[in-house]
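Undergrad: If it helps, the file is called work_16.json and holds JSON, C-alpha atoms:
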```json
[["chain", "number", "residue", "atom", "x", "y", "z"],
["A", 130, "CYS", "CA", 54.62, -53.53, 16.37],
["A", 131, "VAL", "CA", 52.35, -56.59, 16.10],
["A", 132, "PRO", "CA", 49.67, -56.67, 18.85],
["A", 133, "MET", "CA", 49.99, -59.78, 21.02],
["A", 134, "ALA", "CA", 47.50, -61.70, 23.10],
["A", 135, "ARG", "CA", 47.67, -64.63, 25.51],
["A", 136, "VAL", "CA", 46.01, -67.96, 24.73],
["A", 137, "MET", "CA", 45.93, -71.41, 26.29],
["A", 138, "ALA", "CA", 44.35, -74.74, 25.38],
["A", 139, "VAL", "CA", 42.26, -77.02, 27.59],
["A", 140, "SER", "CA", 40.62, -80.42, 27.17],
["A", 141, "PHE", "CA", 37.70, -82.10, 28.92],
["A", 142, "THR", "CA", 39.14, -85.61, 28.48],
["A", 143, "THR", "CA", 42.61, -87.15, 28.28],
["A", 144, "TYR", "CA", 43.97, -86.63, 24.75],
["A", 145, "GLY", "CA", 40.60, -85.13, 23.85],
["A", 146, "ARG", "CA", 39.68, -82.22, 21.64],
["A", 147, "LEU", "CA", 41.44, -78.94, 22.37],
["A", 148, "TYR", "CA", 39.52, -75.79, 23.28],
["A", 149, "TYR", "CA", 41.25, -72.41, 23.32],
["A", 150, "LEU", "CA", 40.72, -69.82, 26.02],
["A", 151, "ASP", "CA", 41.91, -66.38, 26.96],
["A", 152, "PRO", "CA", 43.60, -66.94, 30.37],
["A", 153, "GLY", "CA", 43.20, -63.31, 31.34],
["A", 154, "ALA", "CA", 45.74, -62.04, 33.87],
["A", 155, "VAL", "CA", 46.16, -65.44, 35.57],
["A", 156, "THR", "CA", 49.12, -67.71, 34.81],
["A", 157, "TYR", "CA", 48.15, -71.38, 34.55],
["A", 158, "ALA", "CA", 50.39, -74.44, 34.25],
["A", 159, "ILE", "CA", 49.88, -77.68, 32.34],
["A", 160, "GLY", "CA", 47.67, -79.98, 34.39],
["A", 161, "ASP", "CA", 45.77, -77.22, 36.20],
["A", 162, "ARG", "CA", 42.01, -77.72, 36.46],
["A", 163, "VAL", "CA", 40.11, -74.67, 35.25],
["A", 164, "LEU", "CA", 36.59, -73.70, 34.27],
["A", 165, "HIS", "CA", 35.52, -73.52, 30.63],
["A", 166, "PRO", "CA", 32.38, -71.50, 29.74],
["A", 167, "THR", "CA", 29.69, -73.53, 27.91],
["A", 168, "GLU", "CA", 26.06, -72.96, 26.99],
["A", 169, "ALA", "CA", 25.04, -75.00, 30.03],
["A", 170, "GLY", "CA", 27.42, -73.13, 32.34],
["A", 171, "PRO", "CA", 31.09, -73.48, 33.38],
["A", 172, "GLU", "CA", 32.54, -76.99, 33.11],
["A", 173, "VAL", "CA", 35.81, -78.35, 34.51],
["A", 174, "ALA", "CA", 38.65, -78.84, 32.01],
["A", 175, "THR", "CA", 42.40, -79.51, 32.20],
["A", 176, "VAL", "CA", 45.08, -77.18, 30.87],
["A", 177, "VAL", "CA", 47.14, -79.00, 28.20],
["A", 178, "TRP", "CA", 48.85, -75.97, 26.70],
["A", 179, "ALA", "CA", 50.10, -73.28, 29.06],
["A", 180, "PRO", "CA", 49.38, -69.61, 28.20],
["A", 181, "GLU", "CA", 51.55, -68.20, 25.41],
["A", 182, "GLN", "CA", 51.83, -64.90, 23.58],
["A", 183, "VAL", "CA", 50.48, -65.05, 20.02],
["A", 184, "ASP", "CA", 49.52, -62.62, 17.29],
["A", 185, "SER", "CA", 46.19, -61.17, 18.42],
["A", 186, "GLU", "CA", 45.09, -60.50, 14.83],
["A", 187, "LYS", "CA", 44.83, -64.26, 14.30],
["A", 188, "LEU", "CA", 42.65, -64.75, 17.37],
["A", 189, "THR", "CA", 39.24, -63.16, 17.66],
["A", 190, "GLY", "CA", 36.39, -63.93, 20.01],
["A", 191, "LEU", "CA", 38.23, -66.28, 22.37],
["A", 192, "PRO", "CA", 36.17, -66.96, 25.52],
["A", 193, "LEU", "CA", 37.66, -65.77, 28.77],
["A", 194, "CYS", "CA", 38.54, -68.45, 31.31],
["A", 195, "PRO", "CA", 36.27, -67.93, 34.37],
["A", 196, "GLY", "CA", 39.09, -69.02, 36.67],
["A", 197, "PRO", "CA", 40.49, -72.11, 38.38],
["A", 198, "ALA", "CA", 38.13, -74.90, 39.44],
["A", 199, "ILE", "CA", 37.43, -74.97, 43.17],
["A", 200, "GLU", "CA", 36.71, -78.05, 45.29],
["A", 201, "ALA", "CA", 32.95, -77.78, 44.72],
["A", 202, "ASP", "CA", 33.48, -77.72, 40.94],
["A", 203, "LEU", "CA", 35.80, -80.74, 41.05],
["A", 204, "ALA", "CA", 33.38, -82.70, 43.26],
["A", 205, "ARG", "CA", 30.47, -81.96, 40.94],
["A", 206, "ASP", "CA", 32.53, -82.93, 37.89],
["A", 207, "ALA", "CA", 33.58, -86.24, 39.46],
["A", 208, "ALA", "CA", 29.99, -87.01, 40.47],
["A", 209, "ASN", "CA", 28.75, -86.26, 36.96],
["A", 210, "ARG", "CA", 31.39, -88.51, 35.39],
["A", 211, "ARG", "CA", 30.37, -91.39, 37.67],
["A", 212, "ARG", "CA", 26.71, -90.83, 36.87],
["A", 213, "VAL", "CA", 27.40, -90.68, 33.12],
["A", 214, "ALA", "CA", 29.24, -94.00, 33.32],
["A", 215, "GLU", "CA", 26.31, -95.56, 35.18],
["A", 216, "ILE", "CA", 23.81, -94.16, 32.66],
["A", 217, "GLU", "CA", 25.86, -95.51, 29.75],
["A", 218, "GLY", "CA", 25.68, -98.97, 31.31],
["A", 219, "VAL", "CA", 21.90, -98.72, 31.68],
["A", 220, "VAL", "CA", 21.43, -97.49, 28.11],
["A", 221, "ARG", "CA", 23.62, -100.21, 26.59],
["A", 222, "GLY", "CA", 21.80, -102.87, 28.60],
["A", 223, "LEU", "CA", 18.37, -101.70, 27.43],
["A", 224, "VAL", "CA", 19.53, -101.45, 23.81],
["A", 225, "GLU", "CA", 20.73, -105.05, 24.00],
["A", 226, "ARG", "CA", 17.49, -106.17, 25.67],
["A", 227, "HIS", "CA", 15.40, -104.59, 22.89],
["A", 228, "GLN", "CA", 17.77, -106.06, 20.26],
["A", 229, "LEU", "CA", 18.06, -102.77, 18.38],
["A", 230, "ALA", "CA", 20.55, -102.27, 15.55],
["A", 231, "MET", "CA", 22.17, -99.22, 17.10],
["A", 232, "LYS", "CA", 25.50, -98.47, 18.78],
["A", 233, "VAL", "CA", 25.67, -96.14, 21.77],
["A", 234, "VAL", "CA", 28.62, -93.78, 21.33],
["A", 235, "GLY", "CA", 28.31, -91.43, 24.27],
["A", 236, "VAL", "CA", 26.09, -89.80, 26.86],
["A", 237, "ASP", "CA", 25.76, -86.17, 27.94],
["A", 238, "LEU", "CA", 24.13, -85.02, 31.14],
["A", 239, "ASP", "CA", 22.56, -81.60, 31.69],
["A", 240, "ASP", "CA", 21.11, -80.95, 35.14],
["A", 241, "ARG", "CA", 21.30, -77.14, 35.15],
["A", 242, "SER", "CA", 17.60, -76.56, 34.46],
["A", 243, "PRO", "CA", 15.76, -77.53, 37.66],
["A", 244, "GLU", "CA", 12.40, -76.40, 36.28],
["A", 245, "PHE", "CA", 12.67, -78.92, 33.41],
["A", 246, "GLY", "CA", 14.54, -81.71, 35.23],
["A", 247, "THR", "CA", 17.66, -83.56, 34.17],
["A", 248, "LEU", "CA", 18.23, -84.07, 30.45],
["A", 249, "VAL", "CA", 20.11, -87.17, 29.28],
["A", 250, "ALA", "CA", 21.35, -86.94, 25.69],
["A", 251, "VAL", "CA", 22.28, -90.30, 24.14],
["A", 252, "TYR", "CA", 24.41, -90.25, 20.97],
["A", 253, "TYR", "CA", 24.21, -93.31, 18.76],
["A", 254, "THR", "CA", 24.96, -94.60, 15.28],
["A", 255, "ALA", "CA", 22.75, -96.92, 13.25],
["A", 256, "PRO", "CA", 22.86, -98.28, 9.68],
["A", 257, "HIS", "CA", 19.20, -97.36, 9.14],
["A", 258, "ARG", "CA", 16.20, -95.82, 10.87],
["A", 259, "VAL", "CA", 15.53, -97.31, 14.31],
["A", 260, "ASP", "CA", 12.15, -97.62, 16.04],
["A", 261, "PHE", "CA", 13.20, -96.74, 19.58],
["A", 262, "ARG", "CA", 9.79, -95.86, 21.05],
["A", 263, "ALA", "CA", 9.86, -98.79, 23.48],
["A", 264, "LEU", "CA", 13.48, -98.04, 24.36],
["A", 265, "LEU", "CA", 12.68, -94.39, 25.01],
["A", 266, "SER", "CA", 9.88, -95.34, 27.40],
["A", 267, "ASP", "CA", 12.09, -97.77, 29.33],
["A", 268, "LEU", "CA", 14.94, -95.25, 29.53],
["A", 269, "ALA", "CA", 12.70, -92.51, 30.90],
["A", 270, "ARG", "CA", 11.29, -94.91, 33.50],
["A", 271, "SER", "CA", 14.71, -96.32, 34.51],
["A", 272, "LEU", "CA", 16.59, -93.01, 34.64],
["A", 273, "ARG", "CA", 13.68, -90.80, 35.70],
["A", 274, "SER", "CA", 14.93, -88.08, 33.38],
["A", 275, "ARG", "CA", 14.12, -86.50, 30.06],
["A", 276, "ILE", "CA", 15.75, -88.51, 27.27],
["A", 277, "ASP", "CA", 17.04, -87.15, 23.96],
["A", 278, "LEU", "CA", 18.24, -89.80, 21.46],
["A", 279, "ARG", "CA", 20.50, -88.23, 18.83],
["A", 280, "GLN", "CA", 21.69, -90.17, 15.80],
["A", 281, "ILE", "CA", 25.11, -89.05, 14.57],
["A", 282, "GLY", "CA", 27.35, -89.86, 11.61],
["A", 283, "ALA", "CA", 30.51, -91.96, 11.50],
["A", 284, "ARG", "CA", 32.84, -88.96, 11.74],
["A", 285, "ASP", "CA", 31.07, -87.50, 14.77],
["A", 286, "ALA", "CA", 31.16, -90.94, 16.39],
["A", 287, "ALA", "CA", 34.93, -91.12, 15.90],
["A", 288, "ARG", "CA", 35.28, -87.62, 17.37],
["A", 289, "ILE", "CA", 33.40, -88.66, 20.52],
["A", 290, "SER", "CA", 35.05, -92.08, 20.92],
["A", 291, "GLY", "CA", 38.58, -90.96, 20.07],
["A", 292, "GLY", "CA", 41.39, -93.37, 19.22],
["A", 293, "LEU", "CA", 44.56, -93.65, 17.15],
["A", 294, "GLY", "CA", 44.88, -93.07, 13.42],
["A", 295, "SER", "CA", 47.02, -95.03, 10.97],
["A", 296, "CYS", "CA", 49.81, -92.50, 11.63],
["A", 297, "GLY", "CA", 49.96, -93.57, 15.27],
["A", 298, "ARG", "CA", 48.72, -90.23, 16.62],
["A", 299, "GLU", "CA", 45.42, -89.33, 18.28],
["A", 300, "LEU", "CA", 42.58, -88.78, 15.82],
["A", 301, "CYS", "CA", 42.59, -85.26, 14.38],
["A", 302, "CYS", "CA", 38.82, -84.94, 14.83],
["A", 303, "ALA", "CA", 39.16, -85.75, 18.53],
["A", 304, "THR", "CA", 41.93, -83.20, 19.13],
["A", 305, "PHE", "CA", 42.25, -80.05, 17.04],
["A", 306, "LEU", "CA", 39.82, -80.24, 14.09],
["A", 307, "THR", "CA", 36.74, -78.10, 14.58],
["A", 308, "ASP", "CA", 34.94, -78.69, 11.27],
["A", 309, "PHE", "CA", 34.46, -81.59, 8.89],
["A", 310, "GLU", "CA", 35.14, -80.63, 5.28],
["A", 311, "PRO", "CA", 34.35, -82.76, 2.20],
["A", 312, "VAL", "CA", 37.22, -85.08, 1.24],
["A", 313, "SER", "CA", 37.52, -86.60, -2.25],
["A", 314, "VAL", "CA", 39.74, -89.26, -3.81],
["A", 315, "ARG", "CA", 41.15, -86.50, -6.05],
["A", 316, "LEU", "CA", 43.08, -85.17, -3.06],
["A", 317, "ALA", "CA", 44.72, -88.57, -2.57],
["A", 318, "ARG", "CA", 45.91, -88.62, -6.16],
["A", 319, "ALA", "CA", 47.48, -85.18, -5.71],
["A", 320, "GLN", "CA", 49.45, -86.59, -2.76],
["A", 321, "ASP", "CA", 50.61, -89.72, -4.64],
["A", 322, "LEU", "CA", 48.50, -91.99, -2.44],
["A", 323, "PRO", "CA", 46.59, -95.07, -3.64],
["A", 324, "ALA", "CA", 43.10, -94.26, -4.89],
["A", 325, "ASN", "CA", 41.72, -97.30, -3.06],
["A", 326, "PRO", "CA", 39.32, -95.89, -0.42],
["A", 327, "LEU", "CA", 40.10, -98.80, 1.90],
["A", 328, "GLN", "CA", 43.75, -97.74, 2.08],
["A", 329, "ILE", "CA", 43.10, -94.06, 2.72],
["A", 330, "ALA", "CA", 40.19, -94.37, 5.13],
["A", 331, "GLY", "CA", 40.31, -93.21, 8.71],
["A", 332, "ALA", "CA", 39.01, -94.87, 11.87],
["A", 333, "CYS", "CA", 35.49, -93.71, 10.98],
["A", 334, "GLY", "CA", 35.56, -95.53, 7.65],
["A", 335, "ARG", "CA", 35.48, -92.28, 5.68],
["A", 336, "LEU", "CA", 38.39, -90.75, 3.76],
["A", 337, "MET", "CA", 41.02, -89.35, 6.13],
["A", 338, "CYS", "CA", 40.52, -85.69, 7.11],
["A", 339, "CYS", "CA", 44.26, -85.00, 6.75],
["A", 340, "LEU", "CA", 43.89, -85.40, 2.97],
["A", 341, "LYS", "CA", 41.95, -82.13, 3.01],
["A", 342, "TYR", "CA", 43.88, -79.89, 5.39],
["A", 343, "GLU", "CA", 47.30, -81.09, 4.13],
["A", 344, "HIS", "CA", 46.36, -80.56, 0.47],
["A", 345, "PRO", "CA", 47.57, -76.90, 0.32],
["A", 346, "LEU", "CA", 51.05, -78.05, 1.45],
["A", 347, "TYR", "CA", 51.28, -80.43, -1.50],
["A", 348, "VAL", "CA", 50.04, -77.78, -3.93],
["A", 349, "ASP", "CA", 52.66, -75.32, -2.68],
["A", 350, "PHE", "CA", 55.41, -77.95, -2.83],
["A", 351, "ALA", "CA", 54.47, -78.93, -6.40],
["A", 352, "ALA", "CA", 54.70, -75.28, -7.46],
["A", 353, "ARG", "CA", 58.25, -74.93, -6.07],
["A", 354, "ALA", "CA", 59.77, -78.37, -6.66],
["A", 355, "PRO", "CA", 61.20, -79.69, -9.94],
["A", 356, "ALA", "CA", 58.93, -82.30, -11.52],
["A", 357, "VAL", "CA", 59.75, -85.99, -11.49],
["A", 358, "GLY", "CA", 62.08, -86.64, -14.43],
["A", 359, "ALA", "CA", 63.57, -83.14, -14.41],
["A", 360, "ALA", "CA", 67.34, -82.75, -14.65],
["A", 361, "VAL", "CA", 68.74, -81.00, -11.59],
["A", 362, "THR", "CA", 71.99, -79.94, -9.97],
["A", 363, "THR", "CA", 72.64, -80.79, -6.32],
["A", 364, "PRO", "CA", 75.60, -80.30, -3.97],
["A", 365, "ASP", "CA", 76.49, -83.94, -4.77],
["A", 366, "GLY", "CA", 76.40, -83.43, -8.53],
["A", 367, "ASP", "CA", 73.95, -83.63, -11.40],
["A", 368, "GLY", "CA", 71.02, -86.01, -11.46],
["A", 369, "VAL", "CA", 67.36, -86.63, -12.25],
["A", 370, "VAL", "CA", 64.43, -86.21, -9.86],
["A", 371, "VAL", "CA", 62.77, -89.58, -9.18],
["A", 372, "GLY", "CA", 60.50, -88.69, -6.27],
["A", 373, "HIS", "CA", 59.15, -86.07, -3.86],
["A", 374, "ASN", "CA", 58.88, -86.06, -0.07],
["A", 375, "VAL", "CA", 56.57, -83.24, 0.96],
["A", 376, "PRO", "CA", 56.69, -83.69, 4.79],
["A", 377, "SER", "CA", 60.49, -83.34, 4.78],
["A", 378, "GLN", "CA", 60.49, -80.69, 2.00],
["A", 379, "SER", "CA", 62.96, -82.73, -0.03],
["A", 380, "VAL", "CA", 63.30, -84.53, -3.36],
["A", 381, "LEU", "CA", 64.85, -87.87, -4.32],
["A", 382, "VAL", "CA", 67.56, -87.49, -6.94],
["A", 383, "LYS", "CA", 69.16, -90.27, -8.95],
["A", 384, "GLY", "CA", 72.78, -89.51, -9.75],
["A", 385, "SER", "CA", 74.81, -90.47, -12.80],
["A", 386, "GLY", "CA", 76.14, -93.50, -10.96],
["A", 387, "GLY", "CA", 72.64, -94.83, -10.21],
["A", 388, "GLU", "CA", 72.62, -93.90, -6.53],
["A", 389, "VAL", "CA", 69.49, -92.26, -5.13],
["A", 390, "VAL", "CA", 69.93, -89.52, -2.52],
["A", 391, "ARG", "CA", 67.51, -87.29, -0.67],
["A", 392, "CYS", "CA", 68.24, -83.60, -1.06],
["A", 393, "PRO", "CA", 66.59, -80.62, 0.64],
["A", 394, "LEU", "CA", 64.42, -78.72, -1.82],
["A", 395, "LEU", "CA", 66.37, -75.49, -1.28],
["A", 396, "SER", "CA", 69.63, -77.18, -2.33],
["A", 397, "VAL", "CA", 68.28, -78.45, -5.67],
["A", 398, "CYS", "CA", 68.47, -76.32, -8.82],
["A", 399, "GLU", "CA", 66.63, -77.40, -11.96],
["A", 400, "ARG", "CA", 68.85, -77.24, -15.03],
["A", 401, "ARG", "CA", 67.44, -75.45, -18.01],
["A", 402, "ARG", "CA", 67.18, -77.52, -21.13],
["A", 403, "SER", "CA", 69.47, -76.48, -23.95],
["A", 404, "ARG", "CA", 67.87, -75.38, -27.20],
["A", 405, "ASP", "CA", 69.44, -78.32, -29.00],
["A", 406, "GLY", "CA", 67.61, -80.67, -26.68],
["A", 407, "LEU", "CA", 64.17, -79.16, -27.33]]
```
Would you mind writing the file's structure down as structure tokens?

TA:
Amino acid sequence: CVPMARVMAVSFTTYGRLYYLDPGAVTYAIGDRVLHPTEAGPEVATVVWAPEQVDSEKLTGLPLCPGPAIEADLARDAANRRRVAEIEGVVRGLVERHQLAMKVVGVDLDDRSPEFGTLVAVYYTAPHRVDFRALLSDLARSLRSRIDLRQIGARDAARISGGLGSCGRELCCATFLTDFEPVSVRLARAQDLPANPLQIAGACGRLMCCLKYEHPLYVDFAARAPAVGAAVTTPDGDGVVVGHNVPSQSVLVKGSGGEVVRCPLLSVCERRRSRDGL
């Protein structure tokens, strides 16, 4: 008997990154507002994936959901979101006034340490090193808070900003990806994609992350599928493989009459070459 455990997914923003929690004994529904434990304390999140039973061996160390968000939690969350929006406006205005070559991506607010005051973390991107000493002084004076300017890379900026990829779906980095792994053009070649970086770049300008995490699927398919040019037998007759379609687990076969049909991989048998043909 495989041990099972319950898991649900929550998000802090609409279509944002997913965070997985152990719901405990409570049953939550999609759209419920719950608390998510963080280093700065519980924060309000929205359930986007209702609790389900999964194999517990695949899940270790999931944080336990502290419970549903009460009115005080919701009021504090709404106030913080309004304040963050106001702070972003102030920061962008001062950056423009100082004419700095930097782009503000996001702002975080931490007011859970009364002895140290409120901390405002500003995330930004810049093509080169920026002298923001004057900006830092003006920000501290305008916001009356401690300021932490953090320069981030293009991929982290895309994760924070979110958006749509070339596939039409929400960015992987802004939803389910937890780590950024190195991506090379070699992976694109293995997937029969153009080696032109401009054609296989994501919203961040770097090579698409899906090239990396989808690569094992293409390797497995290549090991099971007949190669392009191989003679095969299909339910529709004999033919030659002229293409692969990994997402649909199928191959394109050209028949003796010149017609090209798509056949499921499991229905295609590669014909062995006769000795006379070797």

Undergrad: Please compute the atom CA of A:Asp184-atom CA of A:Val375 distance, one decimal, in Å.

TA: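 Computing the Euclidean distance for atom CA of A:Asp184 and atom CA of A:Val375 yields 27.2 Å.
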
Undergrad: For A:Arg318, please output as an MDAnalysis selection string all residues within 12 Å (counting all atoms listed in the file; exclusion window: fewer than 3 positions along the same chain).

TA: chainID A and resid 312:315 321:326 329 340:341 344 347:348

Undergrad: Can you tell me, as a count of residues only, which residues sit within 10 Å of (69.1, -83.6, -2.8) in the file's frame, using all atoms listed in the file?

TA: 25

Undergrad: Which residues are near A:Arg262? Cut-off 12 Å, all atoms listed in the file, ignore same chain within fewer than 4 positions. Put them as a ChimeraX atom specification.

TA: /A:224,227,229,266-269,276-278

Undergrad: Please write the residues from the selection above to a file, keeping C-alpha atoms, as a PDB file, in the coordinates of the input.

TA:
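What follows is the written file part10.pdb:
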```
ATOM      1  CA  VAL A 224      19.530-101.450  23.810  1.00  0.00           C
ATOM      2  CA  HIS A 227      15.400-104.590  22.890  1.00  0.00           C
ATOM      3  CA  LEU A 229      18.060-102.770  18.380  1.00  0.00           C
ATOM      4  CA  SER A 266       9.880 -95.340  27.400  1.00  0.00           C
ATOM      5  CA  ASP A 267      12.090 -97.770  29.330  1.00  0.00           C
ATOM      6  CA  LEU A 268      14.940 -95.250  29.530  1.00  0.00           C
ATOM      7  CA  ALA A 269      12.700 -92.510  30.900  1.00  0.00           C
ATOM      8  CA  ILE A 276      15.750 -88.510  27.270  1.00  0.00           C
ATOM      9  CA  ASP A 277      17.040 -87.150  23.960  1.00  0.00           C
ATOM     10  CA  LEU A 278      18.240 -89.800  21.460  1.00  0.00           C
TER      11      LEU A 278
END
```

Undergrad: What does the structure give for the distance between atom CA of A:Asp237 and atom CA of A:Arg210, in Å to one decimal?

TA: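 Answer for the atom CA of A:Asp237 to atom CA of A:Arg210 separation: 9.6 Å.
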
Undergrad: Show me as a list in words the residues that reach within 8 Å of (30.4, -93.4, 10.1), counting all atoms listed in the file and using the file's own coordinates.

TA: Thr254, Gly282, Ala283, Arg284, Asp285, Ala286, Ala287, Cys333, Gly334 and Arg335 of chain A

Undergrad: Which distance in Å separates atom CA of A:Asp308 and atom CA of A:Gly294, to one decimal?

TA: 17.6 Å

Undergrad: Which one is closest to A:Ser140: A:Leu164, A:Val177, A:Ile216, A:Leu248? Count all atoms listed in the file.

TA: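 Of the candidates, the smallest distance to A:Ser140 is held by A:Val177.
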
Undergrad: Smallest atom-to-atom distance to A:Val139: which of A:Ser295, A:Ser290, A:Gln228, A:Thr304, using all atoms listed in the file?

TA: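 When distances to A:Val139 are compared using all atoms listed in the file, the smallest one comes from A:Thr304.
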
Undergrad: Between A:Leu327, A:Met337, A:Gly297, A:Pro171, which has the minimum distance to A:Phe309 (counting all atoms listed in the file)?

TA: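 Nearest to A:Phe309: A:Met337.
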
Undergrad: Draw an axis-aligned box over all listed atoms of stretch 132-143 of chain A, pad each side with 4 Å, and write its centre and edge lengths in Å, one decimal, as JSON.

TA:
```
{"center_x": 43.8, "center_y": -71.9, "center_z": 23.9, "size_x": 20.3, "size_y": 38.5, "size_z": 18.1}
```

Undergrad: Could you check which of A:Arg353, A:Arg400, A:Pro256, A:Leu316 is closest to A:Ala230, using only C-alpha atoms?

TA: A:Pro256

Undergrad: Rank nothing, just name the residue among A:Met231, A:Val173, A:Leu150, A:Ala332 nearest to A:Gly291, using only C-alpha atoms.

TA: A:Ala332

Undergrad: Just checking: using only C-alpha atoms, which residue out of A:Asp206, A:Glu200, A:Asp260, A:Asp349 ends up closest to A:Leu238?

TA: A:Asp206
